[in-house]
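Asker: Got a structure for you, model-v3.txt, holding compact mmCIF, C-alpha atoms.
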```txt
# COMPACT_ATOMS: atom_id res chain seq x y z
CA MET A 1 -30.44 7.64 32.69
CA SER A 2 -30.32 4.74 30.21
CA HIS A 3 -27.19 2.62 29.99
CA HIS A 4 -26.41 4.35 26.68
CA GLN A 5 -25.90 7.56 28.67
CA ASN A 6 -23.86 5.89 31.41
CA SER A 7 -21.42 4.18 29.06
CA ILE A 8 -20.34 3.86 25.45
CA LYS A 9 -19.98 0.40 23.92
CA LEU A 10 -17.81 0.18 20.82
CA ILE A 11 -16.45 -2.33 18.33
CA THR A 12 -13.76 -2.13 15.65
CA LEU A 13 -13.37 -4.70 12.88
CA ASN A 14 -11.23 -5.00 9.78
CA CYS A 15 -13.71 -6.57 7.33
CA TRP A 16 -11.22 -7.63 4.61
CA GLY A 17 -13.61 -6.40 1.94
CA LEU A 18 -11.49 -5.70 -1.15
CA LYS A 19 -13.55 -6.46 -4.25
CA TYR A 20 -12.32 -9.32 -6.45
CA VAL A 21 -9.47 -10.06 -4.01
CA ALA A 22 -11.03 -10.92 -0.65
CA LYS A 23 -12.43 -14.45 -0.62
CA ASN A 24 -16.12 -15.04 0.10
CA ARG A 25 -16.50 -11.29 0.53
CA LEU A 26 -20.25 -11.03 0.02
CA GLU A 27 -21.10 -13.97 2.29
CA ARG A 28 -18.82 -12.60 5.00
CA ILE A 29 -20.15 -9.02 4.78
CA GLN A 30 -23.71 -10.34 5.00
CA ALA A 31 -22.77 -12.36 8.08
CA ILE A 32 -20.93 -9.41 9.64
CA SER A 33 -23.88 -7.09 9.08
CA HIS A 34 -26.29 -9.63 10.59
CA GLU A 35 -24.04 -10.15 13.62
CA LEU A 36 -23.74 -6.39 14.20
CA SER A 37 -27.50 -5.92 13.83
CA GLN A 38 -28.05 -8.25 16.80
CA SER A 39 -25.68 -6.28 19.04
CA ASP A 40 -26.16 -3.26 21.30
CA TYR A 41 -23.10 -1.23 20.28
CA ASP A 42 -23.20 2.55 20.40
CA VAL A 43 -20.37 2.94 17.88
CA ILE A 44 -19.16 0.60 15.14
CA ALA A 45 -15.94 1.32 13.24
CA LEU A 46 -15.14 -0.78 10.17
CA GLN A 47 -11.97 -0.90 8.10
CA GLU A 48 -11.41 -2.38 4.63
CA ILE A 49 -15.06 -1.95 3.70
CA TRP A 50 -14.11 -0.74 0.23
CA VAL A 51 -17.33 -1.43 -1.68
CA LEU A 52 -20.11 1.12 -1.27
CA SER A 53 -22.82 -1.53 -1.62
CA ASP A 54 -21.25 -3.44 1.30
CA TYR A 55 -21.45 -0.30 3.42
CA LYS A 56 -25.10 0.15 2.45
CA LEU A 57 -25.80 -3.45 3.38
CA VAL A 58 -24.36 -2.94 6.87
CA LYS A 59 -26.12 0.40 7.18
CA ASP A 60 -29.52 -1.12 6.38
CA GLN A 61 -28.99 -3.89 8.91
CA VAL A 62 -27.91 -1.69 11.85
CA SER A 63 -29.96 1.46 11.15
CA HIS A 64 -32.70 0.47 13.64
CA SER A 65 -30.26 1.05 16.52
CA LEU A 66 -27.52 3.10 14.87
CA PRO A 67 -29.31 5.59 12.62
CA TYR A 68 -26.27 7.81 11.95
CA SER A 69 -23.36 6.71 9.78
CA LYS A 70 -20.61 7.92 7.45
CA PHE A 71 -18.71 6.26 4.61
CA PHE A 72 -15.38 7.98 3.93
CA TYR A 73 -13.85 8.62 0.52
CA SER A 74 -10.12 8.91 -0.12
CA GLY A 75 -7.62 8.06 -2.84
CA ALA A 76 -8.56 6.29 -6.06
CA LEU A 77 -10.29 3.31 -4.46
CA GLY A 78 -11.61 4.80 -1.24
CA ALA A 79 -10.35 4.79 2.33
CA GLY A 80 -12.27 1.64 3.25
CA LEU A 81 -13.47 3.30 6.47
CA ALA A 82 -16.98 3.62 7.87
CA ILE A 83 -18.50 4.60 11.22
CA PHE A 84 -22.00 3.85 12.53
CA THR A 85 -23.32 5.47 15.71
CA ARG A 86 -26.34 5.83 17.92
CA PHE A 87 -25.72 9.54 18.47
CA PRO A 88 -26.23 12.47 16.05
CA ILE A 89 -23.25 13.36 13.88
CA ILE A 90 -22.57 17.10 13.76
CA SER A 91 -19.39 17.10 11.64
CA THR A 92 -17.08 14.77 9.73
CA SER A 93 -13.56 14.94 8.33
CA THR A 94 -11.10 12.85 6.35
CA HIS A 95 -7.33 13.35 6.58
CA PRO A 96 -5.42 11.28 3.98
CA TYR A 97 -1.93 10.48 5.23
CA SER A 98 0.85 12.22 3.35
CA LEU A 99 2.69 8.92 2.75
CA ASN A 100 0.95 5.65 1.85
CA GLY A 101 3.53 3.57 0.06
CA ALA A 102 4.69 3.95 -3.53
CA PRO A 103 2.52 4.03 -6.68
CA ILE A 104 4.80 1.43 -8.27
CA ASP A 105 3.95 -1.03 -5.49
CA VAL A 106 0.70 -2.15 -7.09
CA ALA A 107 0.54 -5.43 -5.16
CA ALA A 108 0.39 -3.68 -1.79
CA GLY A 109 -2.10 -1.10 -3.07
CA ASP A 110 -1.84 1.31 -0.12
CA TRP A 111 -1.02 4.28 -2.34
CA PHE A 112 -4.13 3.74 -4.48
CA VAL A 113 -6.59 3.47 -1.60
CA GLY A 114 -5.31 6.58 0.14
CA LYS A 115 -5.27 5.40 3.73
CA ALA A 116 -6.53 8.08 6.06
CA ALA A 117 -7.65 9.17 9.49
CA ALA A 118 -11.41 9.55 9.30
CA SER A 119 -13.45 11.10 12.09
CA ILE A 120 -16.91 12.17 13.13
CA VAL A 121 -18.00 14.47 15.92
CA ILE A 122 -21.07 13.22 17.75
CA LEU A 123 -23.31 15.05 20.18
CA HIS A 124 -23.48 12.91 23.30
CA PRO A 125 -26.22 13.65 25.89
CA VAL A 126 -23.71 13.61 28.79
CA LEU A 127 -20.27 14.26 27.33
CA GLY A 128 -21.26 16.83 24.73
CA GLN A 129 -18.97 16.75 21.70
CA VAL A 130 -17.03 13.52 21.23
CA GLN A 131 -14.68 13.10 18.28
CA ILE A 132 -14.43 9.48 17.10
CA PHE A 133 -11.54 8.50 14.85
CA ASN A 134 -11.35 5.47 12.60
CA THR A 135 -8.09 4.65 10.84
CA HIS A 136 -6.07 2.00 9.06
CA LEU A 137 -2.32 2.62 9.02
CA PHE A 138 0.17 1.68 6.31
CA ALA A 139 0.70 -2.09 6.33
CA LYS A 140 4.08 -2.87 4.81
CA GLY A 141 7.18 -3.08 6.99
CA GLY A 142 6.28 -5.55 9.70
CA GLU A 143 7.92 -5.37 13.12
CA ASP A 144 11.40 -6.74 12.37
CA GLY A 145 14.46 -4.97 11.06
CA PRO A 146 15.42 -1.29 11.25
CA GLU A 147 12.77 1.33 11.95
CA TYR A 148 13.14 2.99 8.53
CA ASN A 149 11.30 -0.05 7.12
CA ARG A 150 8.25 1.42 8.83
CA ALA A 151 8.90 5.07 7.97
CA HIS A 152 5.58 5.55 6.19
CA ARG A 153 3.72 4.04 9.15
CA LEU A 154 5.65 6.34 11.49
CA VAL A 155 4.49 9.31 9.41
CA ASN A 156 0.91 7.98 9.64
CA ALA A 157 1.25 7.54 13.42
CA TYR A 158 2.61 11.05 14.00
CA GLU A 159 -0.02 12.70 11.81
CA PHE A 160 -2.75 10.69 13.54
CA ALA A 161 -1.46 11.67 16.99
CA LYS A 162 -1.47 15.35 16.00
CA LEU A 163 -5.10 15.12 14.89
CA VAL A 164 -6.10 13.50 18.18
CA ARG A 165 -4.15 16.06 20.19
CA THR A 166 -5.81 18.93 18.33
CA ALA A 167 -9.27 17.46 18.89
CA ALA A 168 -8.68 17.18 22.64
CA GLU A 169 -7.23 20.67 22.88
CA VAL A 170 -10.49 22.20 21.62
CA GLY A 171 -12.33 20.50 24.49
CA ARG A 172 -13.61 17.28 22.95
CA TYR A 173 -13.50 13.78 24.31
CA VAL A 174 -11.66 11.55 21.87
CA ILE A 175 -12.14 7.87 21.03
CA CYS A 176 -9.93 6.14 18.45
CA LEU A 177 -10.63 2.81 16.79
CA GLY A 178 -8.97 0.96 13.97
CA ASP A 179 -6.34 -1.34 12.55
CA PHE A 180 -3.03 0.28 13.41
CA ASN A 181 -0.93 -2.50 11.82
CA SER A 182 1.45 -2.27 14.79
CA ILE A 183 1.94 -4.45 17.84
CA PRO A 184 1.92 -2.63 21.20
CA SER A 185 5.70 -2.55 21.69
CA THR A 186 6.52 -0.83 18.38
CA LEU A 187 7.52 2.78 17.82
CA PRO A 188 4.36 3.79 15.89
CA MET A 189 2.20 2.86 18.89
CA ARG A 190 4.55 4.68 21.27
CA LEU A 191 4.25 7.79 19.10
CA ILE A 192 0.46 7.63 19.16
CA LEU A 193 0.06 6.88 22.86
CA GLU A 194 2.69 9.38 24.03
CA HIS A 195 2.00 12.31 21.75
CA ALA A 196 -1.79 12.02 21.84
CA SER A 197 -2.00 11.04 25.54
CA LEU A 198 -4.27 8.12 24.73
CA SER A 199 -5.24 5.26 27.02
CA ASP A 200 -5.39 1.73 25.61
CA SER A 201 -8.69 0.13 26.64
CA TRP A 202 -7.18 -3.37 26.49
CA LEU A 203 -4.30 -2.52 28.81
CA VAL A 204 -6.60 -0.66 31.20
CA THR A 205 -8.90 -3.67 31.55
CA HIS A 206 -6.23 -6.40 31.35
CA PRO A 207 -3.42 -5.88 33.87
CA ALA A 208 -0.05 -7.33 32.86
CA ASP A 209 0.15 -11.10 33.28
CA THR A 210 3.62 -12.60 33.75
CA ILE A 211 2.42 -16.09 32.82
CA ALA A 212 2.81 -16.67 29.09
CA PRO A 213 -0.17 -18.15 27.22
CA THR A 214 0.05 -21.82 26.31
CA THR A 215 -2.80 -22.02 23.77
CA ALA A 216 -4.06 -19.84 20.93
CA LEU A 217 -7.33 -19.16 22.75
CA GLU A 218 -5.48 -18.16 25.92
CA ALA A 219 -3.31 -15.81 23.85
CA VAL A 220 -6.43 -14.13 22.48
CA ASN A 221 -7.95 -13.72 25.93
CA LYS A 222 -4.73 -12.56 27.62
CA LEU A 223 -2.99 -10.57 24.89
CA GLY A 224 -5.88 -9.33 22.76
CA ILE A 225 -4.70 -11.08 19.59
CA THR A 226 -6.78 -9.94 16.61
CA ALA A 227 -4.70 -10.92 13.55
CA ASP A 228 -2.70 -13.91 12.28
CA SER A 229 -4.24 -16.18 14.90
CA PRO A 230 -4.22 -19.97 14.35
CA LEU A 231 -7.89 -19.81 15.33
CA ASN A 232 -8.71 -17.74 12.24
CA THR A 233 -9.32 -19.85 9.14
CA TRP A 234 -7.79 -17.20 6.86
CA SER A 235 -4.42 -17.16 8.66
CA ALA A 236 -4.19 -20.63 10.22
CA GLY A 237 -2.49 -22.17 7.18
CA LYS A 238 -0.18 -19.28 6.31
CA ALA A 239 3.56 -19.66 6.81
CA TYR A 240 4.02 -16.30 8.53
CA ALA A 241 1.47 -17.23 11.19
CA TYR A 242 2.79 -20.73 11.78
CA GLY A 243 4.21 -21.26 15.25
CA THR A 244 2.92 -17.94 16.61
CA TRP A 245 -0.11 -16.92 18.62
CA GLY A 246 -0.74 -13.98 16.29
CA LYS A 247 -0.60 -10.21 16.72
CA ARG A 248 -2.55 -7.45 18.42
CA LEU A 249 -3.04 -4.91 15.65
CA ASP A 250 -6.51 -3.54 16.43
CA TYR A 251 -7.07 -1.01 19.19
CA ILE A 252 -9.70 1.07 20.96
CA LEU A 253 -8.04 4.11 22.52
CA TYR A 254 -9.50 7.09 24.36
CA ARG A 255 -8.67 10.27 26.24
CA GLN A 256 -10.31 13.14 28.07
CA PRO A 257 -10.45 16.68 26.70
CA ARG A 258 -7.63 19.11 27.36
CA LYS A 259 -9.53 21.97 28.92
CA LEU A 260 -9.15 24.26 31.91
CA HIS A 261 -12.35 24.90 33.84
CA ASN A 262 -12.34 27.86 36.19
CA SER A 263 -15.91 27.62 37.40
CA LEU A 264 -16.50 25.92 40.74
CA ASP A 265 -19.91 24.72 39.54
CA VAL A 266 -18.66 22.83 36.49
CA LYS A 267 -18.71 19.04 36.68
CA VAL A 268 -16.40 17.30 34.27
CA PRO A 269 -17.23 13.65 33.58
CA SER A 270 -14.47 11.31 32.47
CA LEU A 271 -14.17 8.14 30.43
CA LYS A 272 -12.80 4.91 31.82
CA ALA A 273 -12.50 1.53 30.11
CA VAL A 274 -14.20 -1.18 32.16
CA HIS A 275 -14.43 -3.95 29.59
CA SER A 276 -12.52 -5.06 26.51
CA LYS A 277 -12.84 -8.32 24.62
CA VAL A 278 -11.87 -9.93 21.32
CA VAL A 279 -15.06 -10.91 19.49
CA MET A 280 -16.32 -12.48 16.25
CA MET A 281 -13.92 -15.39 16.60
CA ASP A 282 -16.38 -18.05 15.48
CA LYS A 283 -16.85 -19.23 11.92
CA VAL A 284 -19.64 -17.74 9.83
CA PRO A 285 -22.78 -19.80 10.64
CA GLY A 286 -23.21 -22.58 8.11
CA CYS A 287 -19.75 -21.96 6.60
CA GLU A 288 -16.21 -23.17 7.18
CA PHE A 289 -14.52 -19.77 7.24
CA SER A 290 -14.10 -16.89 9.68
CA TYR A 291 -15.89 -13.55 9.45
CA SER A 292 -12.67 -11.80 8.40
CA ASP A 293 -8.91 -12.23 8.52
CA HIS A 294 -9.05 -10.12 11.70
CA PHE A 295 -11.10 -10.72 14.82
CA GLY A 296 -13.20 -7.85 16.16
CA LEU A 297 -12.37 -5.90 19.30
CA GLU A 298 -15.05 -4.46 21.57
CA ALA A 299 -14.77 -2.19 24.59
CA THR A 300 -17.06 -0.47 27.04
CA LEU A 301 -16.15 2.98 28.32
CA ASP A 302 -17.97 4.04 31.47
CA ILE A 303 -18.84 7.71 31.92
CA ILE A 304 -17.67 8.65 35.40
CA PRO A 305 -19.29 11.78 36.89
CA SER A 306 -16.76 14.11 38.49
CA LEU A 307 -17.11 16.25 41.57
CA PRO A 308 -17.13 20.04 41.18
CA GLU A 309 -13.62 21.31 40.69
CA THR A 310 -11.84 22.98 43.54
CA ASP A 311 -10.51 26.47 43.52
CA SER A 312 -7.07 25.16 42.60
CA LEU A 313 -8.24 25.23 38.96
CA ASN A 314 -6.70 21.87 38.07
CA TYR A 315 -6.71 20.67 34.52
CA ASP A 316 -9.11 17.81 34.08
CA TYR A 317 -6.56 16.07 31.85
CA LEU A 318 -2.81 16.58 31.76
CA PRO A 319 -1.27 15.46 28.48
CA SER A 320 1.93 13.50 28.23
CA GLU A 321 4.71 14.34 25.82
CA LEU A 322 6.89 12.37 23.46
CA SER A 323 9.95 10.98 25.18
CA SER A 324 13.33 12.14 23.90
CA ASN A 325 14.11 8.54 22.96
CA SER A 326 10.95 8.24 20.83
CA ILE A 327 11.69 11.53 19.07
CA ALA A 328 15.33 10.59 18.40
CA THR A 329 14.46 7.12 17.09
CA THR A 330 11.73 8.48 14.85
CA ILE A 331 13.97 11.19 13.39
CA GLN A 332 16.70 8.62 12.81
CA ALA A 333 14.27 6.28 11.01
CA LEU A 334 12.78 9.02 8.84
CA THR A 335 16.24 10.37 7.97
CA ALA A 336 17.37 6.90 6.88
CA CYS A 337 14.25 6.58 4.74
CA TYR A 338 14.93 10.04 3.27
CA ARG A 339 18.43 8.98 2.19
CA PHE A 340 17.10 5.72 0.75
CA SER A 341 14.40 7.62 -1.15
CA ARG A 342 16.97 9.97 -2.66
CA GLN A 343 19.15 7.07 -3.77
CA ARG A 344 16.18 5.23 -5.26
CA SER A 345 15.05 8.36 -7.13
CA ARG A 346 18.49 8.82 -8.67
CA LYS A 347 18.51 5.21 -9.87
CA GLU A 348 15.01 5.55 -11.34
CA LEU A 349 15.92 8.78 -13.14
CA THR A 350 19.04 7.07 -14.49
CA VAL A 351 16.82 4.32 -15.90
CA PHE A 352 14.60 7.04 -17.40
CA ALA A 353 17.61 8.63 -19.15
CA LEU A 354 18.75 5.25 -20.50
CA CYS A 355 15.24 4.60 -21.81
CA ILE A 356 15.27 7.92 -23.67
CA LEU A 357 18.62 7.06 -25.25
CA LEU A 358 17.32 3.65 -26.20
CA LEU A 359 14.17 5.15 -27.77
CA VAL A 360 16.33 7.49 -29.85
CA ALA A 361 18.42 4.53 -30.97
CA LEU A 362 15.28 2.57 -31.84
CA ALA A 363 13.90 5.49 -33.84
CA VAL A 364 17.12 5.78 -35.84
CA SER A 365 17.51 2.04 -36.42
CA SER A 366 13.89 1.55 -37.50
CA ALA A 367 14.85 2.66 -41.02
CA TRP A 368 17.12 -0.39 -41.45
CA LEU A 369 14.89 -3.24 -40.27
CA PRO A 370 15.91 -6.23 -42.43
CA HIS A 371 12.60 -8.15 -42.29
CA SER A 372 8.98 -7.05 -42.13
CA TRP A 373 8.08 -9.66 -39.47
CA ILE A 374 10.33 -7.80 -37.03
CA ASN A 375 8.05 -4.72 -37.16
CA PRO A 376 5.42 -6.01 -34.66
CA LEU A 377 8.14 -7.07 -32.19
CA PHE A 378 9.86 -3.74 -32.68
CA ILE A 379 6.63 -1.84 -31.94
CA VAL A 380 5.87 -3.87 -28.81
CA PHE A 381 9.42 -3.35 -27.52
CA THR A 382 9.18 0.39 -28.21
CA ILE A 383 5.87 0.61 -26.33
CA PHE A 384 7.40 -1.22 -23.37
CA ILE A 385 10.43 1.08 -23.25
CA SER A 386 8.14 4.13 -23.49
CA TRP A 387 6.03 2.83 -20.59
CA LEU A 388 9.15 2.13 -18.53
CA ALA A 389 10.52 5.62 -19.22
CA THR A 390 7.22 7.27 -18.21
CA THR A 391 6.98 5.14 -15.05
CA MET A 392 10.55 5.88 -13.99
CA LEU A 393 10.05 9.61 -14.58
CA TYR A 394 6.89 9.62 -12.47
CA GLU A 395 8.34 7.38 -9.77
CA GLY A 396 11.77 9.01 -9.65
CA PHE A 397 10.89 12.67 -10.01
CA LEU A 398 7.27 13.26 -8.95
CA TYR A 399 6.86 10.57 -6.28
CA GLY A 400 10.51 10.80 -5.21
CA ASN A 401 10.19 14.50 -4.41
CA TRP A 402 6.75 13.93 -2.88
CA GLU A 403 8.10 11.32 -0.45
CA CYS A 404 11.23 13.30 0.46
CA ASN A 405 9.26 16.50 1.11
CA ALA A 406 6.76 14.67 3.32
CA LEU A 407 9.57 13.03 5.30
CA MET A 408 11.39 16.34 5.70
CA ASN A 409 8.21 18.02 6.97
CA ILE A 410 7.84 15.46 9.77
CA ILE A 411 11.56 15.48 10.60
CA GLU A 412 11.57 19.26 10.98
CA GLU A 413 8.31 19.22 12.97
CA LEU A 414 9.79 16.71 15.41
CA GLU A 415 13.00 18.73 15.75
CA VAL A 416 11.03 21.90 16.48
CA HIS A 417 8.80 20.00 18.93
CA LYS A 418 11.88 18.66 20.71
CA GLN A 419 13.38 22.15 20.97
CA GLY A 420 10.08 23.47 22.30
CA LEU A 421 9.96 20.81 25.02
CA GLU A 422 13.52 21.66 26.03
CA LEU A 423 12.68 25.36 26.23
CA GLN A 424 9.61 24.63 28.36
CA LEU A 425 11.69 22.43 30.64
CA GLU A 426 14.30 25.17 31.06
CA GLY A 427 11.58 27.73 31.74
CA SER A 428 10.01 25.56 34.43
CA GLU A 429 13.27 25.13 36.35
CA PRO A 430 13.65 27.50 39.31
CA SER A 431 16.31 30.12 38.85
CA GLY A 432 19.30 30.06 41.21
CA SER A 433 19.69 32.63 43.99
CA PHE A 434 22.50 35.13 44.09
```
Represent the structure contained in this file as structure tokens.
Answerer:
Amino acid sequence: MSHHQNSIKLITLNCWGLKYVAKNRLERIQAISHELSQSDYDVIALQEIWVLSDYKLVKDQVSHSLPYSKFFYSGALGAGLAIFTRFPIISTSTHPYSLNGAPIDVAAGDWFVGKAAASIVILHPVLGQVQIFNTHLFAKGGEDGPEYNRAHRLVNAYEFAKLVRTAAEVGRYVICLGDFNSIPSTLPMRLILEHASLSDSWLVTHPADTIAPTTALEAVNKLGITADSPLNTWSAGKAYAYGTWGKRLDYILYRQPRKLHNSLDVKVPSLKAVHSKVVMMDKVPGCEFSYSDHFGLEATLDIIPSLPETDSLNYDYLPSELSSNSIATTIQALTACYRFSRQRSRKELTVFALCILLLVALAVSSAWLPHSWINPLFIVFTIFISWLATTMLYEGFLYGNWECNALMNIIEELEVHKQGLELQLEGSEPSGSF
């Protein structure tokens, strides 16, 4: 068999490709596409590739080795996600996350792009159906402060984990790539790894090292730093990156299918990470800037043939479950966000009511304007108050209820899941003798 049947080589890269905002976008996308065209990857997953022409540029460059690809649409500006692969694609799907920030937060822009979990199902010559996910989780919230600051990202993480779990339960191998906007120790990553039973290719191939890195390059090689590194020209001069080695926000995760085989003749191959490396750290050739504000992450997953199963009918993959601590912390964070959302909605609706009263007062007083030159100012002020009233009504009533309902759905799902785990645990305990 060729090496493409013995292993799967993958790369994930956040391209920072927002039109009119990302600096030197076209030059960087051209350099990225050229770099990828010289590689031997089996799967490429890109995030923040918002412009369709940029996707087509990459597609044209890599099509000689990766003839199958998919650009995913979501929200008003697109999901910014694309996957290129060597293997035939037999199905695709896009799952926009139920919470992606607020529409009033224009600067962040997450609500407008409709961040999502995108996936393709490929037909692999050895593994059969493999579902490959590409995602970019909600950015705002950071890692500091109470967990409810990251409530939207927690919702993203739980919804993503459910999709992965479902894919594995129908008998597919699963590979997940993307920018998860979370460092390894945070609750969103615990939710994903625990609930979806995923293995982190970086941790599998880089055993824990007790010696702390002393240089930025050593931090990249030891910790898998992909963002906010002093070695990246786009983050080296930023205050939030000063004095740090950066963050590991990009991941390649994988798991085996959840399937019971009862035939003694069935061989079940498995995936195992044997290599993982941070790549595309150099500057664009001939330029003084990096390829993106993130480094790329590559991994190689070997396909390990398995021996025929024994008559004990073992599962080829036993899933883990969310810990009670993770469930409790997540519910607590989402509940706090729910209360905050309710309070914010009440304030916004109060502003809406005041705006209506003010518009009525303006309408009445317009008959007694003392000077004609006041009319233009009066009209502009009235337009502003009308816009503010409309915005507060939309933000306070429509989006407020939207956010609260989405939070309540996840809270109740987690509570039911916790009760189900407790019932299963009670059912598995041996009954006492009389």
Asker: Could you list, as a ChimeraX atom specification, every residue within 8 Å of Val274 (chain A), counting all atoms listed in the file and ignoring same-chain residues fewer than 4 positions away?
Answerer: /A:201,204-205,299-302
Asker: For Phe138 (chain A), list every protein, DNA or RNA residue within 10 Å, evaluated using all atoms listed in the file, and leave out those in the same chain fewer than 4 positions away; present the list as an MDAnalysis selection string.
Answerer: chainID A and resid 97 99:101 108 110:111 114:116 150:157 179:182
Asker: Please build the interface table for region 6-65 of chain A against region 285-297 of chain A with a cut-off of 9 Å, listing for each qualifying residue the nearest atom pair and the distance in Å to one decimal; count all atoms listed in the file, order rows by chain and increasing number, and write it as CSV.
Answerer:
```
residue,atom,partner,partner_atom,distance
A:Leu10,CA,A:Leu297,CA,8.3
A:Ile11,CA,A:Leu297,CA,5.5
A:Thr12,CA,A:Leu297,CA,5.4
A:Leu13,CA,A:Gly296,CA,4.6
A:Asn14,CA,A:His294,CA,5.9
A:Cys15,CA,A:Ser292,CA,5.4
A:Trp16,CA,A:Ser292,CA,5.8
A:Gly17,CA,A:Ser292,CA,8.5
A:Asn24,CA,A:Phe289,CA,8.7
A:Arg25,CA,A:Ser292,CA,8.8
A:Glu27,CA,A:Tyr291,CA,8.9
A:Arg28,CA,A:Tyr291,CA,5.4
A:Ile29,CA,A:Tyr291,CA,7.8
A:Ala31,CA,A:Tyr291,CA,7.1
A:Ile32,CA,A:Tyr291,CA,6.5
```
Asker: Could you write those residues out with C-alpha atoms, as a CSV table (one decimal), in the frame of the given file?
Answerer:
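File produced: out.csv:
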```csv
chain,number,residue,atom,x,y,z
A,10,LEU,CA,-17.8,0.2,20.8
A,11,ILE,CA,-16.4,-2.3,18.3
A,12,THR,CA,-13.8,-2.1,15.6
A,13,LEU,CA,-13.4,-4.7,12.9
A,14,ASN,CA,-11.2,-5.0,9.8
A,15,CYS,CA,-13.7,-6.6,7.3
A,16,TRP,CA,-11.2,-7.6,4.6
A,17,GLY,CA,-13.6,-6.4,1.9
A,24,ASN,CA,-16.1,-15.0,0.1
A,25,ARG,CA,-16.5,-11.3,0.5
A,27,GLU,CA,-21.1,-14.0,2.3
A,28,ARG,CA,-18.8,-12.6,5.0
A,29,ILE,CA,-20.2,-9.0,4.8
A,31,ALA,CA,-22.8,-12.4,8.1
A,32,ILE,CA,-20.9,-9.4,9.6
```
Asker: Select, from A:Ile104, A:Val130, A:Met408, A:Ile252, the residue with the minimum atom-to-atom distance to Thr391 (chain A), counting only C-alpha atoms.
Answerer: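 That would be A:Ile104, the residue with the smallest distance to Thr391 (chain A).
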Asker: Contacts of Ser345 (chain A) at 8 Å or less, counting only C-alpha atoms, minus same-chain residues fewer than 4 places along, as number ranges by chain?
Answerer: A: 341, 349, 395-397, 400
Asker: Expressed in Å to a single decimal, how great is the separation between CA of Leu271 (chain A) and CA of Arg165 (chain A)?
Answerer: 16.4 Å
Asker: Taking into account only C-alpha atoms, which residue in the set A:Glu426, A:Asp250, A:Asp54, A:Glu348 is nearest to Ala227 (chain A)?
Answerer: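 Of A:Glu426, A:Asp250, A:Asp54, A:Glu348, the one nearest Ala227 (chain A), counting only C-alpha atoms, is A:Asp250.
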Asker: Which neighbours of region 41-44 of chain A fall inside 6 Å, counting all atoms listed in the file, when residues of the same chain fewer than 5 positions from it are skipped, and could you give them as a PyMOL selection string?
Answerer: chain A and resi 8-11+83-86
Asker: When you draw a straight line from CA of Leu203 (chain A) to CA of Val164 (chain A), how long is it in Å?
Answerer: 19.3 Å
Asker: Just the residues within 7 Å of Ile120 (chain A), please, counting only C-alpha atoms, with nothing from its chain fewer than 2 positions along; format it as an MDAnalysis selection string.
Answerer: chainID A and resid 89 91:93 122 131:133
Asker: Hey, can you check how far CA of Thr186 (chain A) sits from CA of Thr215 (chain A)?
Answerer: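 So the two atoms, CA of Thr186 (chain A) and CA of Thr215 (chain A), lie 23.8 Å apart.
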